[in-house]
Structures are given as structure tokens and as C-alpha cells.
$ cat work12.csv   # CSV, C-alpha atoms
chain,number,residue,atom,x,y,z
N,1,MET,CA,-23.3,7.9,-11.7
N,2,GLY,CA,-24.4,4.5,-10.5
N,3,LEU,CA,-22.4,1.3,-10.6
N,4,THR,CA,-18.7,1.1,-11.5
N,5,ILE,CA,-16.1,-1.6,-11.6
N,6,GLY,CA,-12.8,-1.5,-9.8
N,7,VAL,CA,-9.9,-3.8,-10.9
N,8,ASP,CA,-7.1,-4.9,-8.6
N,9,ILE,CA,-4.1,-6.4,-10.4
N,10,GLY,CA,-2.4,-8.8,-8.1
N,11,GLY,CA,0.6,-11.0,-8.5
N,12,THR,CA,-1.4,-14.2,-8.7
N,13,LYS,CA,-4.9,-13.0,-9.5
N,14,ILE,CA,-6.8,-10.1,-11.1
N,15,ALA,CA,-10.0,-9.2,-9.2
N,16,ALA,CA,-12.8,-7.0,-10.6
N,17,GLY,CA,-15.7,-5.9,-8.5
N,18,VAL,CA,-19.0,-4.1,-9.1
N,19,VAL,CA,-19.1,-1.2,-6.5
N,20,ASP,CA,-22.0,1.1,-5.7
N,21,GLU,CA,-21.9,4.7,-4.6
N,22,GLU,CA,-21.7,3.7,-0.9
N,23,GLY,CA,-18.5,1.6,-1.5
N,24,HIS,CA,-20.3,-1.7,-1.3
N,25,ILE,CA,-19.0,-4.5,-3.5
N,26,LEU,CA,-22.0,-6.2,-5.1
N,27,GLU,CA,-20.3,-8.7,-7.4
N,28,THR,CA,-16.7,-9.9,-7.9
N,29,HIS,CA,-15.0,-11.9,-10.6
N,30,THR,CA,-11.3,-13.1,-10.5
N,31,VAL,CA,-9.0,-14.6,-13.1
N,32,PRO,CA,-5.4,-15.8,-12.7
N,33,THR,CA,-2.7,-13.3,-13.4
N,34,PRO,CA,-1.0,-14.4,-16.6
N,35,PRO,CA,2.8,-14.2,-17.1
N,36,THR,CA,3.0,-11.8,-20.0
N,37,ALA,CA,2.1,-8.1,-20.3
N,38,ASP,CA,-0.2,-8.5,-23.3
N,39,ALA,CA,-2.1,-11.4,-21.7
N,40,ILE,CA,-2.6,-9.3,-18.5
N,41,VAL,CA,-4.6,-6.8,-20.6
N,42,ASP,CA,-6.7,-9.7,-21.9
N,43,ALA,CA,-7.2,-10.9,-18.3
N,44,ILE,CA,-8.3,-7.5,-17.1
N,45,CYS,CA,-11.0,-7.4,-19.8
N,46,ALA,CA,-12.1,-10.9,-19.0
N,47,ALA,CA,-12.4,-10.0,-15.3
N,48,VAL,CA,-14.4,-6.8,-16.1
N,49,GLY,CA,-16.7,-8.7,-18.4
N,50,GLY,CA,-17.3,-11.5,-15.8
N,51,ALA,CA,-18.1,-9.0,-13.0
N,52,GLY,CA,-20.3,-6.8,-15.0
N,53,GLN,CA,-22.7,-9.4,-16.3
N,54,GLY,CA,-26.2,-8.5,-15.4
N,55,HIS,CA,-25.3,-5.0,-14.1
N,56,GLN,CA,-25.5,-1.6,-15.7
N,57,ILE,CA,-21.9,-0.4,-15.5
N,58,GLU,CA,-21.0,3.2,-16.1
N,59,ALA,CA,-17.1,3.1,-15.9
N,60,VAL,CA,-14.1,1.1,-14.9
N,61,GLY,CA,-11.2,2.0,-12.6
N,62,ILE,CA,-7.9,0.0,-12.7
N,63,GLY,CA,-5.4,0.0,-9.9
N,64,ALA,CA,-1.9,-0.7,-11.3
N,65,ALA,CA,1.4,-1.0,-9.4
N,66,GLY,CA,3.7,1.5,-11.0
N,67,TYR,CA,3.9,5.0,-12.3
N,68,VAL,CA,0.7,6.3,-14.0
N,69,ASP,CA,0.8,9.5,-16.0
N,70,ASP,CA,-1.1,12.7,-15.1
N,71,LYS,CA,-3.9,11.8,-17.5
N,72,ARG,CA,-4.6,8.6,-15.7
N,73,ALA,CA,-4.3,6.7,-19.0
N,74,THR,CA,-0.8,5.3,-19.5
N,75,VAL,CA,1.3,3.1,-17.2
N,76,LEU,CA,4.7,4.8,-17.6
N,77,PHE,CA,6.6,2.1,-15.7
N,78,ALA,CA,5.5,-1.0,-13.8
N,79,PRO,CA,8.2,-2.9,-11.8
N,80,ASN,CA,6.5,-6.3,-11.8
N,81,ILE,CA,5.0,-6.2,-15.3
N,82,HIS,CA,6.9,-5.3,-18.4
N,83,TRP,CA,4.8,-2.2,-19.0
N,84,ARG,CA,6.7,0.8,-20.3
N,85,HIS,CA,4.5,3.6,-21.5
N,86,GLU,CA,1.6,1.1,-21.8
N,87,PRO,CA,-1.6,2.8,-23.1
N,88,LEU,CA,-3.7,0.7,-20.7
N,89,LYS,CA,-6.7,3.0,-20.7
N,90,ASP,CA,-7.1,3.0,-24.5
N,91,LYS,CA,-6.6,-0.8,-24.8
N,92,VAL,CA,-9.2,-1.7,-22.2
N,93,GLU,CA,-11.7,1.0,-23.3
N,94,GLN,CA,-11.6,-0.4,-26.9
N,95,ARG,CA,-12.3,-3.9,-25.5
N,96,VAL,CA,-15.0,-3.3,-22.9
N,97,GLY,CA,-16.7,-0.3,-24.4
N,98,LEU,CA,-16.7,1.7,-21.2
N,99,PRO,CA,-14.8,4.8,-19.9
N,100,VAL,CA,-11.7,3.7,-18.1
N,101,VAL,CA,-9.5,5.4,-15.5
N,102,VAL,CA,-6.1,4.0,-14.6
N,103,GLU,CA,-4.6,4.9,-11.2
N,104,ASN,CA,-1.6,3.8,-9.1
N,105,ASP,CA,-2.8,1.0,-6.9
N,106,ALA,CA,-1.6,2.6,-3.7
N,107,ASN,CA,-3.4,5.9,-4.6
N,108,ALA,CA,-6.5,3.8,-5.3
N,109,ALA,CA,-6.3,2.1,-1.9
N,110,ALA,CA,-5.7,5.4,-0.1
N,111,TRP,CA,-8.8,6.9,-1.8
N,112,GLY,CA,-10.8,3.9,-0.8
N,113,GLU,CA,-9.8,4.2,2.9
N,114,TYR,CA,-10.3,8.0,2.9
N,115,LYS,CA,-13.8,7.7,1.3
N,116,PHE,CA,-15.2,4.6,2.9
N,117,GLY,CA,-12.8,3.4,5.6
N,118,ALA,CA,-10.6,4.8,8.4
N,119,GLY,CA,-10.3,8.2,6.8
N,120,GLN,CA,-14.0,9.1,6.9
N,121,GLY,CA,-14.4,12.5,8.7
N,122,HIS,CA,-10.9,13.7,7.7
N,123,GLU,CA,-10.0,16.2,5.0
N,124,ASP,CA,-6.3,15.7,5.1
N,125,VAL,CA,-5.0,12.1,5.2
N,126,ILE,CA,-1.7,10.4,4.4
N,127,CYS,CA,-1.9,6.6,3.8
N,128,ILE,CA,1.0,4.2,3.9
N,129,THR,CA,0.8,0.6,2.9
N,130,LEU,CA,3.2,-1.7,4.8
N,131,GLY,CA,3.3,-4.8,2.5
N,132,THR,CA,6.1,-6.5,0.8
N,133,GLY,CA,7.2,-3.0,0.0
N,134,LEU,CA,6.0,0.4,1.1
N,135,GLY,CA,3.4,2.5,-0.8
N,136,GLY,CA,1.3,5.5,-0.1
N,137,GLY,CA,-1.2,8.1,-1.0
N,138,ILE,CA,-1.9,11.7,-0.3
N,139,ILE,CA,-5.3,13.3,0.3
N,140,ILE,CA,-5.2,17.0,1.1
N,141,GLY,CA,-8.3,19.2,1.1
N,142,ASN,CA,-10.5,16.2,0.2
N,143,LYS,CA,-8.6,15.7,-3.0
N,144,LEU,CA,-6.2,13.0,-4.1
N,145,ARG,CA,-2.8,14.7,-4.8
N,146,ARG,CA,-0.9,13.0,-7.6
N,147,GLY,CA,1.7,15.6,-8.4
N,148,ARG,CA,2.3,17.4,-11.7
N,149,PHE,CA,3.3,14.2,-13.6
N,150,GLY,CA,1.1,11.8,-11.7
N,151,VAL,CA,3.8,9.9,-9.7
N,152,ALA,CA,3.7,11.5,-6.3
N,153,ALA,CA,3.5,9.6,-3.0
N,154,GLU,CA,6.2,7.0,-3.8
N,155,PHE,CA,7.1,7.2,-0.1
N,156,GLY,CA,8.9,3.8,-0.1
N,157,HIS,CA,11.7,5.3,-2.1
N,158,ILE,CA,12.4,8.3,0.1
N,159,ARG,CA,16.1,7.8,1.0
N,160,VAL,CA,16.3,7.6,4.8
N,161,VAL,CA,19.8,6.1,5.1
N,162,PRO,CA,22.5,7.7,2.8
N,163,ASP,CA,24.4,4.8,1.1
N,164,GLY,CA,22.2,2.3,3.0
N,165,LEU,CA,20.7,-1.0,1.9
N,166,LEU,CA,20.4,-1.6,-1.9
N,167,CYS,CA,16.8,-1.3,-3.0
N,168,GLY,CA,15.1,-3.0,-5.9
N,169,CYS,CA,14.6,0.4,-7.5
N,170,GLY,CA,18.4,0.7,-7.9
N,171,SER,CA,18.9,3.3,-5.2
N,172,GLN,CA,20.2,2.8,-1.7
N,173,GLY,CA,18.7,3.4,1.8
N,174,CYS,CA,15.1,3.6,0.7
N,175,TRP,CA,12.5,3.7,3.5
N,176,GLU,CA,10.9,0.4,2.4
N,177,GLN,CA,14.2,-1.3,3.0
N,178,TYR,CA,13.6,-0.6,6.7
N,179,ALA,CA,9.8,-0.5,7.1
N,180,SER,CA,8.1,-3.3,5.1
N,181,GLY,CA,7.4,-7.0,5.1
N,182,ARG,CA,10.7,-7.7,3.6
N,183,ALA,CA,12.5,-5.7,6.3
N,184,LEU,CA,10.6,-7.5,9.0
N,185,VAL,CA,11.8,-10.9,7.7
N,186,ARG,CA,15.3,-9.6,7.5
N,187,TYR,CA,15.2,-8.3,11.1
N,188,ALA,CA,13.9,-11.6,12.4
N,189,ARG,CA,16.4,-13.7,10.5
N,190,GLN,CA,19.3,-11.6,11.7
N,191,ARG,CA,18.2,-11.7,15.3
N,192,ALA,CA,17.4,-15.4,15.3
N,193,ASN,CA,20.8,-16.1,13.8
N,194,ALA,CA,22.5,-14.0,16.5
N,195,THR,CA,20.5,-15.3,19.5
N,196,PRO,CA,18.7,-18.5,18.5
N,197,GLU,CA,17.9,-19.2,22.2
N,198,ASN,CA,15.5,-16.1,22.0
N,199,ALA,CA,13.8,-17.4,18.9
N,200,GLU,CA,12.7,-20.9,19.9
N,201,ILE,CA,9.0,-20.3,19.2
N,202,LEU,CA,9.8,-18.5,15.9
N,203,LEU,CA,12.1,-21.3,14.7
N,204,ALA,CA,9.7,-24.0,15.7
N,205,LEU,CA,6.9,-22.4,13.6
N,206,GLY,CA,9.1,-22.7,10.5
N,207,ASP,CA,11.3,-25.5,9.4
N,208,GLY,CA,13.8,-24.9,12.2
N,209,THR,CA,16.2,-23.0,10.0
N,210,ILE,CA,17.0,-19.3,9.8
N,211,GLU,CA,16.2,-19.3,6.1
N,212,GLY,CA,12.8,-20.9,6.8
N,213,ILE,CA,11.5,-17.9,8.7
N,214,GLU,CA,8.7,-16.2,6.9
N,215,GLY,CA,6.4,-13.3,7.8
N,216,LYS,CA,3.5,-15.5,8.9
N,217,HIS,CA,5.8,-17.2,11.4
N,218,ILE,CA,7.0,-13.8,12.8
N,219,SER,CA,3.4,-12.7,13.4
N,220,ALA,CA,2.4,-16.0,15.1
N,221,ALA,CA,5.5,-16.0,17.2
N,222,ALA,CA,5.1,-12.4,18.3
N,223,ARG,CA,1.6,-13.1,19.5
N,224,GLN,CA,3.0,-15.9,21.6
N,225,GLY,CA,5.7,-13.5,23.1
N,226,ASP,CA,8.7,-14.8,21.2
N,227,PRO,CA,11.4,-12.2,22.1
N,228,VAL,CA,13.0,-12.1,18.6
N,229,ALA,CA,9.7,-11.8,16.8
N,230,VAL,CA,8.5,-9.0,19.2
N,231,ASP,CA,11.8,-7.1,18.8
N,232,SER,CA,11.6,-7.4,15.0
N,233,PHE,CA,8.2,-5.8,15.0
N,234,ARG,CA,9.5,-3.0,17.3
N,235,GLU,CA,12.4,-2.4,14.9
N,236,LEU,CA,10.1,-2.1,11.9
N,237,ALA,CA,7.8,0.2,13.9
N,238,ARG,CA,10.7,2.4,14.9
N,239,TRP,CA,11.5,3.1,11.2
N,240,ALA,CA,7.8,3.4,10.2
N,241,GLY,CA,7.1,5.9,13.0
N,242,ALA,CA,10.1,8.0,12.3
N,243,GLY,CA,9.1,8.2,8.6
N,244,LEU,CA,5.6,9.3,9.6
N,245,ALA,CA,7.1,12.1,11.6
N,246,ASP,CA,9.0,13.3,8.5
N,247,LEU,CA,5.7,13.1,6.5
N,248,ALA,CA,4.0,15.2,9.2
N,249,SER,CA,6.6,17.9,8.7
N,250,LEU,CA,5.7,17.9,4.9
N,251,PHE,CA,2.0,17.5,4.9
N,252,ASP,CA,0.6,18.1,8.5
N,253,PRO,CA,-2.4,15.7,8.1
N,254,SER,CA,-5.0,15.1,10.7
N,255,ALA,CA,-4.5,11.3,10.3
N,256,PHE,CA,-2.2,8.7,9.0
N,257,ILE,CA,-3.8,5.5,7.9
N,258,VAL,CA,-1.6,2.4,8.0
N,259,GLY,CA,-2.6,-0.5,5.8
N,260,GLY,CA,-1.0,-3.5,4.1
N,261,GLY,CA,-0.3,-7.0,5.3
N,262,VAL,CA,2.0,-5.9,8.2
N,263,SER,CA,-0.7,-3.8,9.6
N,264,ASP,CA,-3.0,-6.8,10.0
N,265,GLU,CA,-1.3,-7.4,13.3
N,266,GLY,CA,-3.2,-4.4,14.7
N,267,GLU,CA,-1.8,-3.0,18.0
N,268,LEU,CA,1.2,-5.3,17.9
N,269,VAL,CA,2.6,-3.0,15.3
N,270,LEU,CA,0.5,0.1,15.5
N,271,ASP,CA,1.2,0.9,19.2
N,272,PRO,CA,5.0,1.0,18.7
N,273,ILE,CA,4.5,3.0,15.5
N,274,ARG,CA,2.6,5.6,17.4
N,275,LYS,CA,5.3,5.7,20.1
N,276,SER,CA,8.1,6.1,17.5
N,277,PHE,CA,6.0,8.8,15.7
N,278,ARG,CA,5.7,10.8,18.9
N,279,ARG,CA,9.4,10.3,19.7
N,280,TRP,CA,10.6,11.7,16.3
N,281,LEU,CA,8.0,14.4,15.7
N,282,ILE,CA,9.7,17.7,15.6
N,283,GLY,CA,8.3,20.0,18.2
N,284,GLY,CA,6.0,17.2,19.3
N,285,GLN,CA,5.3,18.5,22.8
N,286,TRP,CA,4.1,21.8,21.4
N,287,ARG,CA,2.0,20.9,18.4
N,288,PRO,CA,-1.1,18.8,17.7
N,289,HIS,CA,-0.5,15.2,16.8
N,290,ALA,CA,-2.0,13.4,13.8
N,291,GLN,CA,-3.9,10.2,14.6
N,292,VAL,CA,-2.3,7.0,13.5
N,293,LEU,CA,-5.1,4.7,12.5
N,294,ALA,CA,-5.4,1.1,11.2
N,295,ALA,CA,-6.8,0.7,7.7
N,296,GLN,CA,-10.3,-0.8,7.7
N,297,LEU,CA,-10.9,-2.1,4.2
N,298,GLY,CA,-8.1,-4.6,4.0
N,299,ASN,CA,-7.3,-5.9,0.5
N,300,LYS,CA,-10.6,-4.5,-0.8
N,301,ALA,CA,-9.4,-0.9,-0.5
N,302,GLY,CA,-7.7,-0.7,-3.9
N,303,LEU,CA,-10.6,-2.2,-5.8
N,304,VAL,CA,-13.2,0.0,-4.0
N,305,GLY,CA,-11.0,3.1,-4.4
N,306,ALA,CA,-10.4,2.5,-8.1
N,307,ALA,CA,-14.1,2.0,-8.7
N,308,ASP,CA,-14.9,5.3,-7.0
N,309,LEU,CA,-12.2,7.2,-8.9
N,310,ALA,CA,-13.7,5.9,-12.1
N,311,ARG,CA,-17.1,7.2,-11.0
N,312,GLN,CA,-15.6,10.7,-10.7
N,313,GLY,CA,-14.2,10.5,-14.2

$ encode --input "work12.csv" --output "C-alpha cells"
Amino acid sequence: MGLTIGVDIGGTKIAAGVVDEEGHILETHTVPTPPTADAIVDAICAAVGGAGQGHQIEAVGIGAAGYVDDKRATVLFAPNIHWRHEPLKDKVEQRVGLPVVVENDANAAAWGEYKFGAGQGHEDVICITLGTGLGGGIIIGNKLRRGRFGVAAEFGHIRVVPDGLLCGCGSQGCWEQYASGRALVRYARQRANATPENAEILLALGDGTIEGIEGKHISAAARQGDPVAVDSFRELARWAGAGLADLASLFDPSAFIVGGGVSDEGELVLDPIRKSFRRWLIGGQWRPHAQVLAAQLGNKAGLVGAADLARQG
């Protein structure tokens, strides 16, 4: 199969890209993300049509944030869009006249990294995405593992603290409440409030208030050596690395790939994640250690991965 289109549904825009068999994006077309569920279907079709003009397209892959059924056709539940058992595959196929595959967006990103990014050369890879929340994907034996019902690898909602912080999913103590962009901001605000004298750079980058601290300020301040910002990254990394150690006990991969906005800080966050991983890995001094690698494709991973999954049918 030749060219396929991958679709990434974001909070503010929907991006469609024409992708070749080598994972190269040849053409992109973006449209604003509308506010209603039905209008989002219209926007997906418009983005696919815009990207595909002038190209011979064979199939379309859509990355959707939420639970996708085992047939890769229906979005069972999407937290940020009012989709409940939404037959997305059928609706888009009828409109664009092409075969469509629907996949969880974190799974699509994991596949993109495995096939064309940091996972090349590995057969067994676990991907985690440290963004606003925490997502993931499982590739074992060169295959994307989705579980019996299609909703595996929701790593962010593994409970790591019994009766811990309330999560948006309704549970308490979920991993993403301790290792995510939201968690990073919470750590920084708590520490800046307790010791403002150690957060002078951080506070100056915002509006001078605790509530004004945002993720971009923490990153910039940490690069300048702000004690509160650096310590906040270390706290996030401690939780992230400990979680990877648990996943190593489950899956024993040769590599973990860490993506998402938080990972854009490179070794500032990856080095302490590796240290925490080694610290909490059971029997770590006697067993081989998985590599902890930075994702390479950035925000293109989901689009590229969805397009390649569509190519496989």
C-alpha cells in the first residue's frame, strides 16, 4: 500500500497528513477543532479532503483520545469530546470514500515512535507520554498490544497511591496525578508558596504570583537553575521512574520511550527518570536494564503512527 492519511485530533486543531511508507509527511492540512461532537466529524472529513488533494490515498487512520473498541471502529468513550459509542469509522468512511482505522491516540503515537522513531531496532517497547496527563502504548513482539477489548495501556490510571489525589477519571491516586504536566505545575506552586525565596526566577517569569506559574515558566526557570523549578522536575521524575520500574516487572521491554510535552526538556527530566527507574527496579543489580529513551517524532508521532496503522488495515 502506498500513501495513507493520518489524523490527529487536538484540543484546538485537527491535523491530517499524507504519509508515505517510510513515515515521511508529504502534505498536511489543519482545521480548527469545533466545539461539538458532530462538528468534529465534519472537521475530520474536511481535513482529510484538504490533505489528500492531488494524492492517491489508500486509507485513513484516526488517532482519538479515548477508549477505542477492539475492531478499531467505535470510540467507546472520549473524555474531552462527548463521544459515547461513537461509530467514527463508519461515519468517516461514508464521507471520504476510503477505508478508515480508528486508534487510541497514545497507541498511535507509540506505534509511530516504534516504527519510525526512537523504537527502531527494538521488538519490545513500552511508550509513555508525559503531557497534560499520562498516556501509553505497548509493543511486544513487534505488535501493538491493545488488549481483548481494545483499551489496554491506560497507564495514567494505574493507582499508585491508595486513596490519593482525586483524578479526573473519578478514581483516586492515579499515576498521572503524580507524573504529568499538571503534576509538575502543582509541585512548583506548592514549593514556591512554601519557599518563595527559592523561586525568584520562576516567579519573575510569570506574573509574580503563585497562581501565575505555568509549565513553560517551570521549564525556563529550571534551565536557569531555579531551585524550586529543578526540584519540581525531580519530584515528577521520581514518580515517573518508579512507575517505569513497575511496568518493567509487567512487560520486561528492551526500551521505554518517553514522549509528550514534559519530555521536551530532554536530559533535565530524562536523567532523573533513569535514576529513579534504577532505584525502584526490583532486583535491579542482578537483571538487565531497559533503556529509557527520548521520543524523536514529537507531536508528529500520533499522525504518522495512525497513518501507518491504516496502511496495515

$ closest_atom_pairs --input "work12.csv" --of "range 103-180 of chain N" --to "range 275-292 of chain N" --cutoff "12 Å" --atoms "all atoms listed in the file" --output "JSON lines"
{"residue": "N:Ala118", "atom": "CA", "partner": "N:Val292", "partner_atom": "CA", "distance": 10.0}
{"residue": "N:Gly119", "atom": "CA", "partner": "N:Gln291", "partner_atom": "CA", "distance": 10.3}
{"residue": "N:His122", "atom": "CA", "partner": "N:Gln291", "partner_atom": "CA", "distance": 10.4}
{"residue": "N:Asp124", "atom": "CA", "partner": "N:Ala290", "partner_atom": "CA", "distance": 10.0}
{"residue": "N:Val125", "atom": "CA", "partner": "N:Ala290", "partner_atom": "CA", "distance": 9.2}
{"residue": "N:Ile126", "atom": "CA", "partner": "N:Val292", "partner_atom": "CA", "distance": 9.7}
{"residue": "N:Cys127", "atom": "CA", "partner": "N:Val292", "partner_atom": "CA", "distance": 9.7}
{"residue": "N:Ile128", "atom": "CA", "partner": "N:Val292", "partner_atom": "CA", "distance": 10.5}

$ write_last_selection --input "work12.csv" --atoms "C-alpha atoms" --output "mmCIF file, in the frame of the given file"
data_model
loop_
_atom_site.group_PDB
_atom_site.id
_atom_site.type_symbol
_atom_site.label_atom_id
_atom_site.label_comp_id
_atom_site.auth_asym_id
_atom_site.auth_seq_id
_atom_site.Cartn_x
_atom_site.Cartn_y
_atom_site.Cartn_z
ATOM 1 C CA ALA N 118 -10.600 4.800 8.400
ATOM 2 C CA GLY N 119 -10.300 8.200 6.800
ATOM 3 C CA HIS N 122 -10.900 13.700 7.700
ATOM 4 C CA ASP N 124 -6.300 15.700 5.100
ATOM 5 C CA VAL N 125 -5.000 12.100 5.200
ATOM 6 C CA ILE N 126 -1.700 10.400 4.400
ATOM 7 C CA CYS N 127 -1.900 6.600 3.800
ATOM 8 C CA ILE N 128 1.000 4.200 3.900
#

$ atom_distance --input "work12.csv" --atom1 "CA of Asp38 in chain N" --atom2 "CA of Gly52 in chain N"
21.8 Å

$ residues_around --input "work12.csv" --residues "Val269 in chain N" --least-positions-apart "6" --cutoff "9 Å" --atoms "all atoms listed in the file" --output "PyMOL selection string"
chain N and resi 233-234+236-237+262-263

$ closest_residue --input "work12.csv" --among "N:Ala37, N:Ala108, N:Leu26, N:Ala194" --to "Pro79 in chain N" --atoms "all atoms listed in the file"
N:Ala37

$ closest_residue --input "work12.csv" --among "N:Ala15, N:Ala221, N:Leu166, N:Leu309" --to "His29 in chain N" --atoms "only C-alpha atoms"
N:Ala15

$ closest_atom_pairs --input "work12.csv" --of "range 124-188 of chain N" --to "range 302-305 of chain N" --cutoff "12 Å" --atoms "all atoms listed in the file" --output "Markdown table"
| residue | atom | partner | partner_atom | distance |
| --- | --- | --- | --- | --- |
| N:Thr129 | CA | N:Gly302 | CA | 11.0 |
| N:Gly135 | CA | N:Gly302 | CA | 12.0 |
| N:Gly136 | CA | N:Gly302 | CA | 11.6 |
| N:Gly137 | CA | N:Gly302 | CA | 11.3 |
| N:Leu144 | CA | N:Gly305 | CA | 11.0 |

$ closest_atom_pairs --input "work12.csv" --of "range 157-268 of chain N" --to "range 90-106 of chain N" --cutoff "12 Å" --atoms "only C-alpha atoms" --output "Markdown table"
| residue | atom | partner | partner_atom | distance |
| --- | --- | --- | --- | --- |
| N:Val258 | CA | N:Ala106 | CA | 11.7 |
| N:Gly259 | CA | N:Ala106 | CA | 10.0 |
| N:Gly260 | CA | N:Ala106 | CA | 9.9 |

$ write_last_selection --input "work12.csv" --atoms "C-alpha atoms" --output "tab-separated table (two decimals), keeping the file's coordinate frame"
chain	number	residue	atom	x	y	z
N	258	VAL	CA	-1.60	2.40	8.00
N	259	GLY	CA	-2.60	-0.50	5.80
N	260	GLY	CA	-1.00	-3.50	4.10

$ closest_residue --input "work12.csv" --among "N:Leu130, N:Leu202, N:Val41, N:Val161" --to "Pro87 in chain N" --atoms "only C-alpha atoms"
N:Val41

$ residues_around --input "work12.csv" --residues "Leu76 in chain N" --least-positions-apart "4" --cutoff "7 Å" --atoms "all atoms listed in the file" --output "MDAnalysis selection string"
chainID N and resid 67:69 84:86

$ atom_distance --input "work12.csv" --atom1 "CA of Asp42 in chain N" --atom2 "CA of Val75 in chain N"
15.8 Å

$ residues_around --input "work12.csv" --residues "Thr33 in chain N" --least-positions-apart "5" --cutoff "8 Å" --atoms "all atoms listed in the file" --output "ChimeraX atom specification"
/N:9-14,40,43

$ atom_distance --input "work12.csv" --atom1 "CA of Leu3 in chain N" --atom2 "CA of Ile57 in chain N"
5.2 Å

$ residues_around --input "work12.csv" --residues "Ala306 in chain N" --least-positions-apart "4" --cutoff "10 Å" --atoms "all atoms listed in the file" --output "VMD selection string"
chain N and resid 4 to 8 17 19 60 to 64 101 to 112 301 to 302 310 to 311

$ residues_around --input "work12.csv" --residues "Gly50 in chain N" --least-positions-apart "2" --cutoff "9 Å" --atoms "all atoms listed in the file" --output "ChimeraX atom specification"
/N:16,28-30,45-48,52-53

$ write_last_selection --input "work12.csv" --atoms "C-alpha atoms" --output "compact mmCIF listing (two decimals), in the coordinates of the input"
# COMPACT_ATOMS: atom_id res chain seq x y z
CA ALA N 16 -12.80 -7.00 -10.60
CA THR N 28 -16.70 -9.90 -7.90
CA HIS N 29 -15.00 -11.90 -10.60
CA THR N 30 -11.30 -13.10 -10.50
CA CYS N 45 -11.00 -7.40 -19.80
CA ALA N 46 -12.10 -10.90 -19.00
CA ALA N 47 -12.40 -10.00 -15.30
CA VAL N 48 -14.40 -6.80 -16.10
CA GLY N 52 -20.30 -6.80 -15.00
CA GLN N 53 -22.70 -9.40 -16.30

$ closest_residue --input "work12.csv" --among "N:Val230, N:Arg238, N:Arg159, N:Ile139" --to "Ala179 in chain N" --atoms "all atoms listed in the file"
N:Arg238

$ closest_residue --input "work12.csv" --among "N:Ile257, N:Ile158, N:Val228, N:Ala204" --to "Ile138 in chain N" --atoms "all atoms listed in the file"
N:Ile257

$ decode --input "work12.csv" --residues "range 96-108 of chain N" --atoms "N, CA and C atoms" --output "CSV table (one decimal), in the first residue's frame"
chain,number,residue,atom,x,y,z
N,96,VAL,N,-15.7,10.1,3.2
N,96,VAL,CA,-14.4,10.2,2.4
N,96,VAL,C,-14.2,9.1,1.4
N,97,GLY,N,-15.0,8.1,1.5
N,97,GLY,CA,-14.9,7.0,0.5
N,97,GLY,C,-13.6,6.2,0.5
N,98,LEU,N,-13.0,6.1,1.7
N,98,LEU,CA,-11.8,5.4,1.9
N,98,LEU,C,-11.9,4.5,3.1
N,99,PRO,N,-11.1,3.4,3.2
N,99,PRO,CA,-11.1,2.6,4.4
N,99,PRO,C,-10.5,3.4,5.6
N,100,VAL,N,-11.1,3.3,6.7
N,100,VAL,CA,-10.7,4.1,7.9
N,100,VAL,C,-10.4,3.1,9.1
N,101,VAL,N,-9.3,3.4,9.8
N,101,VAL,CA,-9.0,2.7,11.0
N,101,VAL,C,-8.9,3.8,12.1
N,102,VAL,N,-9.6,3.5,13.2
N,102,VAL,CA,-9.6,4.4,14.4
N,102,VAL,C,-8.7,3.8,15.5
N,103,GLU,N,-7.9,4.5,16.1
N,103,GLU,CA,-7.0,4.0,17.1
N,103,GLU,C,-6.9,5.0,18.2
N,104,ASN,N,-6.7,4.6,19.4
N,104,ASN,CA,-6.3,5.5,20.5
N,104,ASN,C,-5.1,6.3,20.2
N,105,ASP,N,-5.1,7.6,20.5
N,105,ASP,CA,-4.1,8.5,20.1
N,105,ASP,C,-2.7,8.1,20.7
N,106,ALA,N,-2.7,7.7,22.0
N,106,ALA,CA,-1.4,7.3,22.6
N,106,ALA,C,-0.9,6.0,21.9
N,107,ASN,N,-1.8,5.1,21.6
N,107,ASN,CA,-1.3,3.9,20.8
N,107,ASN,C,-0.7,4.2,19.5
N,108,ALA,N,-1.4,5.2,18.8
N,108,ALA,CA,-0.9,5.6,17.5
N,108,ALA,C,0.5,6.3,17.6
